[in-house]
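Below is data_39.csv, which holds CSV, C-alpha atoms.
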```csv
chain,number,residue,atom,x,y,z
A,1,MET,CA,129.4,-58.2,-95.9
A,2,GLU,CA,130.3,-59.3,-92.4
A,3,TYR,CA,133.8,-58.6,-91.2
A,4,ASP,CA,135.5,-60.8,-88.6
A,5,CYS,CA,137.3,-59.1,-85.7
A,6,GLY,CA,140.8,-60.1,-86.6
A,7,PHE,CA,143.7,-59.3,-88.9
A,8,THR,CA,146.8,-60.6,-90.5
A,9,ASN,CA,150.1,-58.6,-90.7
A,10,ASP,CA,153.0,-60.4,-92.3
A,11,ASN,CA,153.2,-63.7,-90.5
A,12,LYS,CA,151.2,-62.5,-87.5
A,13,TRP,CA,147.5,-63.5,-87.1
A,14,PHE,CA,145.0,-62.3,-84.6
A,15,ARG,CA,141.4,-63.2,-84.0
A,16,TYR,CA,138.7,-62.3,-81.5
A,17,ARG,CA,136.5,-65.5,-81.1
A,18,ALA,CA,133.3,-66.5,-79.3
A,19,ALA,CA,133.0,-70.1,-78.4
A,20,ALA,CA,130.6,-72.5,-76.6
A,21,ILE,CA,131.0,-75.1,-74.0
A,22,ILE,CA,128.0,-77.5,-74.6
A,23,VAL,CA,127.6,-80.4,-72.1
A,24,GLU,CA,125.0,-83.1,-72.3
A,25,ASP,CA,124.9,-86.4,-70.5
A,26,GLY,CA,128.6,-86.3,-69.4
A,27,CYS,CA,129.8,-85.4,-72.9
A,28,VAL,CA,131.1,-82.2,-74.4
A,29,LEU,CA,130.5,-81.1,-78.0
A,30,PHE,CA,133.4,-80.6,-80.3
A,31,ALA,CA,133.7,-80.2,-84.0
A,32,GLY,CA,136.0,-82.0,-86.4
A,33,ASN,CA,136.6,-82.4,-90.2
A,34,GLU,CA,138.2,-84.8,-92.6
A,35,LYS,CA,141.2,-82.6,-93.2
A,36,ASP,CA,142.4,-82.1,-89.6
A,37,ASP,CA,143.5,-84.8,-87.1
A,38,TYR,CA,142.0,-83.0,-84.0
A,39,TYR,CA,138.8,-81.8,-82.5
A,40,TYR,CA,138.0,-78.1,-81.8
A,41,SER,CA,135.5,-76.1,-79.8
A,42,ILE,CA,132.3,-74.9,-81.3
A,43,GLY,CA,132.5,-71.2,-82.2
A,44,GLY,CA,134.1,-68.7,-84.5
A,45,ALA,CA,135.1,-65.2,-85.1
A,46,VAL,CA,133.1,-62.3,-83.7
A,47,HIS,CA,132.0,-59.9,-86.5
A,48,MET,CA,132.7,-56.2,-86.3
A,49,GLY,CA,130.0,-54.5,-84.3
A,50,GLU,CA,128.7,-57.8,-82.9
A,51,ILE,CA,128.6,-58.6,-79.2
A,52,ALA,CA,130.2,-61.9,-78.1
A,53,GLU,CA,126.9,-63.3,-76.8
A,54,ASP,CA,125.2,-62.8,-80.1
A,55,ALA,CA,128.3,-64.2,-81.9
A,56,VAL,CA,128.3,-67.4,-79.8
A,57,LYS,CA,124.6,-68.0,-80.3
A,58,ARG,CA,125.0,-67.5,-84.1
A,59,GLU,CA,128.0,-69.8,-84.3
A,60,VAL,CA,126.4,-72.5,-82.3
A,61,TYR,CA,123.3,-72.4,-84.5
A,62,GLU,CA,125.3,-72.4,-87.7
A,63,GLU,CA,127.4,-75.4,-86.6
A,64,THR,CA,124.7,-77.5,-84.8
A,65,GLY,CA,121.4,-76.4,-86.2
A,66,VAL,CA,120.2,-76.0,-82.6
A,67,ALA,CA,119.4,-72.7,-80.9
A,68,TYR,CA,121.2,-73.1,-77.5
A,69,GLU,CA,120.8,-70.4,-74.9
A,70,ILE,CA,123.7,-69.0,-72.9
A,71,ASP,CA,124.0,-69.9,-69.2
A,72,HIS,CA,127.0,-67.7,-68.4
A,73,LEU,CA,130.4,-66.5,-69.5
A,74,ALA,CA,132.8,-69.1,-68.2
A,75,VAL,CA,136.3,-68.5,-69.6
A,76,ILE,CA,138.3,-65.7,-71.2
A,77,HIS,CA,141.1,-67.5,-73.0
A,78,GLU,CA,144.3,-65.9,-74.4
A,79,ASN,CA,145.7,-68.4,-76.8
A,80,PHE,CA,149.2,-68.2,-78.4
A,81,PHE,CA,150.2,-70.9,-81.0
A,82,ASN,CA,152.3,-71.3,-84.1
A,83,GLU,CA,152.4,-75.1,-85.0
A,84,ASN,CA,149.8,-74.7,-87.6
A,85,GLN,CA,148.5,-76.6,-90.6
A,86,GLY,CA,146.4,-75.4,-93.6
A,87,ALA,CA,145.6,-71.7,-93.9
A,88,LEU,CA,147.5,-70.7,-90.8
A,89,LYS,CA,150.7,-72.6,-91.7
A,90,GLY,CA,153.8,-70.5,-90.8
A,91,MET,CA,151.7,-68.0,-88.9
A,92,ASP,CA,152.4,-66.7,-85.3
A,93,CYS,CA,148.9,-66.8,-83.9
A,94,HIS,CA,147.2,-64.9,-81.0
A,95,GLU,CA,143.6,-65.5,-80.3
A,96,ILE,CA,141.3,-64.0,-77.6
A,97,ALA,CA,138.2,-66.2,-77.0
A,98,MET,CA,135.2,-65.8,-74.8
A,99,TYR,CA,133.9,-69.2,-73.8
A,100,PHE,CA,130.2,-69.4,-72.8
A,101,LEU,CA,128.7,-72.3,-71.0
A,102,MET,CA,125.4,-73.0,-72.8
A,103,LYS,CA,122.2,-74.2,-71.1
A,104,SER,CA,121.6,-78.0,-71.4
A,105,LYS,CA,118.9,-79.1,-73.7
A,106,GLY,CA,118.7,-82.6,-72.2
A,107,THR,CA,119.4,-84.2,-75.6
A,108,GLN,CA,122.4,-84.8,-77.9
A,109,GLU,CA,120.2,-84.4,-81.0
A,110,LEU,CA,121.8,-82.0,-83.5
A,111,TYR,CA,120.9,-80.8,-87.1
A,112,SER,CA,124.4,-80.0,-88.3
A,113,ASP,CA,125.2,-79.1,-91.8
A,114,SER,CA,128.3,-77.0,-91.2
A,115,TYR,CA,131.2,-76.2,-93.4
A,116,THR,CA,134.3,-74.2,-92.6
A,117,GLN,CA,136.5,-72.9,-95.4
A,118,GLY,CA,134.7,-75.3,-97.8
A,119,VAL,CA,135.3,-78.4,-95.7
A,120,LYS,CA,132.4,-80.3,-94.1
A,121,GLU,CA,132.4,-80.2,-90.3
A,122,ASN,CA,131.1,-83.0,-88.2
A,123,MET,CA,130.0,-82.7,-84.6
A,124,TYR,CA,131.2,-85.1,-81.9
A,125,TRP,CA,130.0,-85.7,-78.4
A,126,LEU,CA,133.2,-86.7,-76.5
A,127,PRO,CA,132.9,-88.2,-73.0
A,128,ILE,CA,134.4,-85.7,-70.5
A,129,ASP,CA,136.1,-88.4,-68.5
A,130,GLU,CA,137.8,-89.7,-71.6
A,131,LEU,CA,139.0,-86.4,-73.1
A,132,ASP,CA,142.6,-87.3,-72.5
A,133,LYS,CA,142.2,-90.0,-75.2
A,134,TYR,CA,141.5,-87.3,-77.9
A,135,LYS,CA,143.5,-84.5,-79.5
A,136,VAL,CA,141.3,-81.5,-78.6
A,137,PHE,CA,141.7,-77.7,-78.8
A,138,PRO,CA,141.7,-75.7,-76.7
A,139,THR,CA,143.9,-77.9,-74.5
A,140,PHE,CA,142.6,-76.4,-71.3
A,141,MET,CA,139.2,-78.0,-71.8
A,142,LYS,CA,140.2,-81.4,-70.6
A,143,GLU,CA,141.1,-80.2,-67.1
A,144,TYR,CA,138.5,-77.4,-67.0
A,145,LEU,CA,135.6,-79.7,-67.5
A,146,GLN,CA,136.6,-82.1,-64.7
A,147,LYS,CA,136.3,-79.4,-61.9
A,148,LYS,CA,133.6,-77.2,-60.5
A,149,HIS,CA,133.9,-73.5,-61.2
A,150,ILE,CA,132.7,-70.2,-59.8
A,151,GLY,CA,132.7,-67.0,-61.8
A,152,VAL,CA,134.7,-66.3,-64.9
A,153,GLU,CA,138.2,-67.8,-65.3
A,154,HIS,CA,141.0,-66.2,-67.2
A,155,ILE,CA,143.2,-68.9,-68.9
A,156,ILE,CA,146.4,-68.2,-70.8
A,157,THR,CA,147.7,-71.0,-73.1
A,158,ASP,CA,151.1,-70.5,-74.8
A,159,GLU,CA,151.8,-73.4,-77.1
A,160,ARG,CA,154.3,-71.6,-79.3
A,161,LYS,CA,157.2,-73.7,-80.4
A,162,GLN,CA,160.5,-71.9,-80.5
A,163,GLY,CA,162.2,-72.5,-83.8
```
As structure tokens, how would this structure be written, given the file I've shared?
Amino acid sequence: MEYDCGFTNDNKWFRYRAAAIIVEDGCVLFAGNEKDDYYYSIGGAVHMGEIAEDAVKREVYEETGVAYEIDHLAVIHENFFNENQGALKGMDCHEIAMYFLMKSKGTQELYSDSYTQGVKENMYWLPIDELDKYKVFPTFMKEYLQKKHIGVEHIITDERKQG
């Protein structure tokens, strides 16, 4: 049995996540499903005892059916949010994510058959220069992908609504 690095305590939820930034032909890959009205980054929870690099390669393969290689660690993201739907409704969330830029394959061909919590996921190649037309998470991705970067960036997003 694999255990995710994360916990829930009362209405507090924490997760350690590994995620991918996959860019092909001016588009970035996001996931979506029929339950939610937004797109989200490719990735998922790191398992106990698993290094983030292995987790992101595993998650990318599980979601896309393609074995992408890592180019480099791009972003360490601290994410705080509480306006949730579904399983996280009513939860005060704190997520730490390592975002890895993946090496280009030169194709947008995928072999996806991914499900999350029993819901079919679909993969979407969204044009980077049109990301502002979509509801995407993490929200920093729109701005991040439109600039050149050197090294690893530390990004903090606090989208908690005060109630």
Original post:
Ala18 in chain A: which residues within 12 Å, counting only C-alpha atoms, same-chain residues fewer than 2 positions away excluded, as an MDAnalysis selection string?
Top reply: chainID A and resid 4:5 15:16 20:21 41:47 50:60 70 73:77 95:101
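Minimum atom-to-atom distance to Cys27 in chain A, evaluated using all atoms listed in the file, belongs to A:Leu126 out of A:Leu126, A:Leu131, A:Ile155, A:Ile150.
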Original post:
At what distance in Å, to one decimal, does CA of Glu159 in chain A lie from CA of Asn82 in chain A?
Top reply: 7.3 Å
**OP:** For Tyr111 in chain A, work out the shell of residues within 12 Å, counting only C-alpha atoms and skipping chain neighbours fewer than 4 positions away, then give it as a ChimeraX atom specification.
**Re:** /A:60-67,121-123
Would you export the selected residues with C-alpha atoms as a PDB file, keeping the file's coordinate frame, please?
```pdb
ATOM      1  CA  VAL A  60     126.400 -72.500 -82.300  1.00  0.00           C
ATOM      2  CA  TYR A  61     123.300 -72.400 -84.500  1.00  0.00           C
ATOM      3  CA  GLU A  62     125.300 -72.400 -87.700  1.00  0.00           C
ATOM      4  CA  GLU A  63     127.400 -75.400 -86.600  1.00  0.00           C
ATOM      5  CA  THR A  64     124.700 -77.500 -84.800  1.00  0.00           C
ATOM      6  CA  GLY A  65     121.400 -76.400 -86.200  1.00  0.00           C
ATOM      7  CA  VAL A  66     120.200 -76.000 -82.600  1.00  0.00           C
ATOM      8  CA  ALA A  67     119.400 -72.700 -80.900  1.00  0.00           C
ATOM      9  CA  GLU A 121     132.400 -80.200 -90.300  1.00  0.00           C
ATOM     10  CA  ASN A 122     131.100 -83.000 -88.200  1.00  0.00           C
ATOM     11  CA  MET A 123     130.000 -82.700 -84.600  1.00  0.00           C
TER      12      MET A 123
END
```
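Across the model, the gap from CA of Phe30 in chain A to CA of Asp113 in chain A is 14.2 Å.
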Original post:
How many Å lie between CA of Met1 in chain A and CA of Ser114 in chain A, rounded to one decimal?
Top reply: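 Computed distance, CA of Met1 in chain A to CA of Ser114 in chain A, equals 19.4 Å.
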**OP:** Using only C-alpha atoms, find the one residue out of A:Lys12, A:Arg17, A:Lys103, A:Lys135 that sits nearest to Gly32 in chain A.
**Re:**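 For Gly32 in chain A, the nearest of the given residues is A:Lys135.
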**OP:** Give as JSON, numbers by chain every residue, naming chains and numbers as the document does, that has an atom within 12 Å of (136.9, -79.3, -66.7), counting all atoms listed in the file.
**Re:** {"A": [21, 23, 26, 27, 28, 74, 75, 101, 127, 128, 129, 130, 131, 132, 138, 139, 140, 141, 142, 143, 144, 145, 146, 147, 148, 149, 153]}
Subject >> 12 Å contact set for Gln162 in chain A, all atoms listed in the file, chain neighbours under 5 positions out, as an MDAnalysis selection string >> reply: chainID A and resid 81:83 92
Subject >> Nearest to Met102 in chain A by atom-to-atom distance, counting only C-alpha atoms, from A:Ala19, A:Ala31, A:Val119, A:Ile156 >> reply: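 Once distances to Met102 in chain A are computed over only C-alpha atoms, the minimum belongs to A:Ala19.
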Original post:
Smallest atom-to-atom distance to Asn84 in chain A: which of A:Glu2, A:Asp10, A:Asp25, A:Asp36, using all atoms listed in the file?
Top reply: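 Smallest distance to Asn84 in chain A is found for A:Asp36.
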